[in-house]
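I have placed the structure first, in the form of structure tokens, so that the comments after it can refer back to it.
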Amino acid sequence: MSDQRVVVVTGASRGIGRAIAVELSAPDTRVIVNYNSSPGAAEETVSLIEKRGAAASAMRFDVADPGEVKAAFDQIVDAHGRIDVLVNNAGIARDNLLAIMKPAEWDDVMSTNLKGAFLCSQAVVRPMMRRRFGRIINVTSVVALTGNPGQCNYSAAKAGIIGLTKSLAREIVSRKITVNAVAPGYIETDMTAAIPQKAREVLLSQIPAGRAGAPEEVAAAVSFLASDAAAYITGQVIHVNGGMYM
């Protein structure tokens, strides 16, 4: 078994996922950078991690595909003997008003954002239980609590992640495994960069802090929850939103 702490971050090729993967890097750590469709961006994340003295590798698998998830996590455990931290960050958006939302737009978001978190969590639970240690951190969203027009699918999936977090936390806390969630608000990423300027101005007006957040600020909360200092915290949702929701 490797002496390195093994961390898996899904959807880590860019944005919040990349910031989390880099923040969790340390000389005694190996970070598995999951991606689905951006190998070049994933390798950029690997390079950033290696600059911090950690070992890293990119791994392509679709978090919504049970076979791909099982094969990937079996490979990780076979190679390293352990998984210490799982960050379920992979997510997509298929925004549309409910009245005209296509079933595929609902299903795609549910499959990646919610089913993906279920499949990956299920894949790490047994290895973590055997070692009697683990940290599972799920990335949800402020809209899980507030809702947002045009995002019934995304909001429902992210709200489901909170329910998953709390229920799984109760199931495995006796094995010294914690399960928590981080709920970002309006964070500057490639996804939010596509928001029209007027809509951005409206969003910013709703944030008491008066600014958007940075991916690194979300990563800092995840890093704390992954640390030994957070061993007595489980089933919680940490909001990183500048006061957008209180």
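Quick note on naming: the chains in the structure tokens go A, B, ... in the order shown, residues restart at 1 in each chain, and ligands are numbered from 1 in order of appearance.
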
field: Expected answer as a VMD selection string: alpha helix (DSSP H) residues in region 1-244 of chain A
entry: chain A and resid 15 to 23 39 to 51 66 to 80 103 to 109 116 to 131 143 to 146 152 to 172 190 to 193 197 to 205 215 to 226

task: Find the residues around Val240 (chain A) up to 9 Å (only C-alpha atoms counted), leave out those fewer than 5 positions away in its own chain, and share them as a PyMOL selection string.
output: chain A and resi 142+182-186+213+217-218+221

- prompt: Any idea what's packed within 7 Å of Thr178 (chain A), counting only C-alpha atoms, ignoring anything in its chain fewer than 2 positions away? Could you give it as a VMD selection string?
  reply: chain A and resid 134 to 136 169 173 176 180 231 233 to 234

task: List every residue of region 101-240 of chain A that DSSP, applied to the backbone of this structure, places in strand (DSSP E), and write the result as a ChimeraX atom specification.
output: /A:134-139,177-184,237-240

Produce a file of the selected residues containing N, CA and C atoms, as an mmCIF file, in the first residue's frame.
data_model
loop_
_atom_site.group_PDB
_atom_site.id
_atom_site.type_symbol
_atom_site.label_atom_id
_atom_site.label_comp_id
_atom_site.auth_asym_id
_atom_site.auth_seq_id
_atom_site.Cartn_x
_atom_site.Cartn_y
_atom_site.Cartn_z
ATOM 1 N N GLY A 134 -11.737 8.236 5.887
ATOM 2 C CA GLY A 134 -12.083 8.786 4.584
ATOM 3 C C GLY A 134 -12.745 10.144 4.689
ATOM 4 N N ARG A 135 -12.637 10.877 3.598
ATOM 5 C CA ARG A 135 -13.298 12.173 3.481
ATOM 6 C C ARG A 135 -14.007 12.206 2.126
ATOM 7 N N ILE A 136 -15.319 12.399 2.151
ATOM 8 C CA ILE A 136 -16.093 12.594 0.930
ATOM 9 C C ILE A 136 -16.662 14.003 0.980
ATOM 10 N N ILE A 137 -16.341 14.792 -0.041
ATOM 11 C CA ILE A 137 -16.825 16.177 -0.099
ATOM 12 C C ILE A 137 -17.559 16.366 -1.415
ATOM 13 N N ASN A 138 -18.814 16.763 -1.317
ATOM 14 C CA ASN A 138 -19.667 16.932 -2.487
ATOM 15 C C ASN A 138 -19.846 18.417 -2.801
ATOM 16 N N VAL A 139 -19.705 18.769 -4.058
ATOM 17 C CA VAL A 139 -19.905 20.167 -4.454
ATOM 18 C C VAL A 139 -21.348 20.342 -4.908
ATOM 19 N N ILE A 177 -15.400 8.028 8.722
ATOM 20 C CA ILE A 177 -15.487 8.637 7.399
ATOM 21 C C ILE A 177 -16.480 9.793 7.492
ATOM 22 N N THR A 178 -16.052 10.966 7.071
ATOM 23 C CA THR A 178 -16.946 12.118 7.086
ATOM 24 C C THR A 178 -17.442 12.407 5.678
ATOM 25 N N VAL A 179 -18.658 12.939 5.611
ATOM 26 C CA VAL A 179 -19.270 13.307 4.334
ATOM 27 C C VAL A 179 -19.866 14.700 4.493
ATOM 28 N N ASN A 180 -19.364 15.630 3.717
ATOM 29 C CA ASN A 180 -19.826 17.015 3.796
ATOM 30 C C ASN A 180 -20.012 17.581 2.397
ATOM 31 N N ALA A 181 -20.623 18.751 2.341
ATOM 32 C CA ALA A 181 -20.836 19.414 1.059
ATOM 33 C C ALA A 181 -20.374 20.862 1.139
ATOM 34 N N VAL A 182 -19.968 21.386 0.008
ATOM 35 C CA VAL A 182 -19.646 22.801 -0.133
ATOM 36 C C VAL A 182 -20.580 23.369 -1.186
ATOM 37 N N ALA A 183 -21.218 24.492 -0.876
ATOM 38 C CA ALA A 183 -22.199 25.099 -1.777
ATOM 39 C C ALA A 183 -21.684 26.447 -2.272
ATOM 40 N N PRO A 184 -21.065 26.474 -3.450
ATOM 41 C CA PRO A 184 -20.606 27.750 -3.989
ATOM 42 C C PRO A 184 -21.780 28.631 -4.423
ATOM 43 N N VAL A 237 -23.247 21.416 5.308
ATOM 44 C CA VAL A 237 -23.111 22.152 4.058
ATOM 45 C C VAL A 237 -22.440 23.489 4.365
ATOM 46 N N ILE A 238 -21.265 23.686 3.799
ATOM 47 C CA ILE A 238 -20.522 24.927 3.988
ATOM 48 C C ILE A 238 -20.806 25.838 2.806
ATOM 49 N N HIS A 239 -21.358 27.016 3.074
ATOM 50 C CA HIS A 239 -21.734 27.949 2.014
ATOM 51 C C HIS A 239 -20.583 28.915 1.730
ATOM 52 N N VAL A 240 -20.240 29.024 0.454
ATOM 53 C CA VAL A 240 -19.182 29.938 0.022
ATOM 54 C C VAL A 240 -19.803 30.854 -1.021
#

Determine, using only C-alpha atoms, which residues of region 110-200 of chain A have any atom at most 9 Å from an atom of region 51-64 of chain A, and tabulate each with its shortest atom pair and distance in Å to one decimal place, rows ordered by chain and then rising number, as CSV.
residue,atom,partner,partner_atom,distance
A:Met110,CA,A:Ala64,CA,8.9
A:Ser111,CA,A:Ala64,CA,5.3
A:Thr112,CA,A:Ala64,CA,5.0
A:Asn113,CA,A:Ala64,CA,8.2
A:Leu114,CA,A:Ala64,CA,8.6
A:Lys115,CA,A:Ala64,CA,6.0
A:Gly116,CA,A:Val63,CA,4.6
A:Ala117,CA,A:Val63,CA,7.5
A:Leu119,CA,A:Val63,CA,7.1
A:Cys120,CA,A:Val63,CA,6.9

- request: Calculate how many Å separate CA of Gly235 (chain A) from CA of Gln122 (chain A), rounding to one decimal.
  value: 16.4 Å

task: Between CA of Ala12 (chain A) and CA of Val85 (chain A), measure the distance and give it in Å to one decimal.
output: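 Straight-line distance from CA of Ala12 (chain A) to CA of Val85 (chain A) works out to 13.9 Å.
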
task: Kindly give the distance, in Å, that separates CA of Pro39 (chain A) and CA of Thr189 (chain A), rounded to a single decimal.
output: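 One can read the CA of Pro39 (chain A) to CA of Thr189 (chain A) distance as 18.3 Å.
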
- request: Would you mind listing what lies within 12 Å of Val33 (chain A) as number ranges by chain, with only C-alpha atoms counted and same-chain residues fewer than 3 positions away left out?
  value: A: 6-14, 17-22, 24-25, 30, 36, 38-50, 55-61, 72, 76, 86-90

message: Counting only C-alpha atoms, which residue out of A:Ala79, A:Ala229, A:Ile92, A:Ala209 sits closest to Gln4 (chain A)?
response: A:Ala79
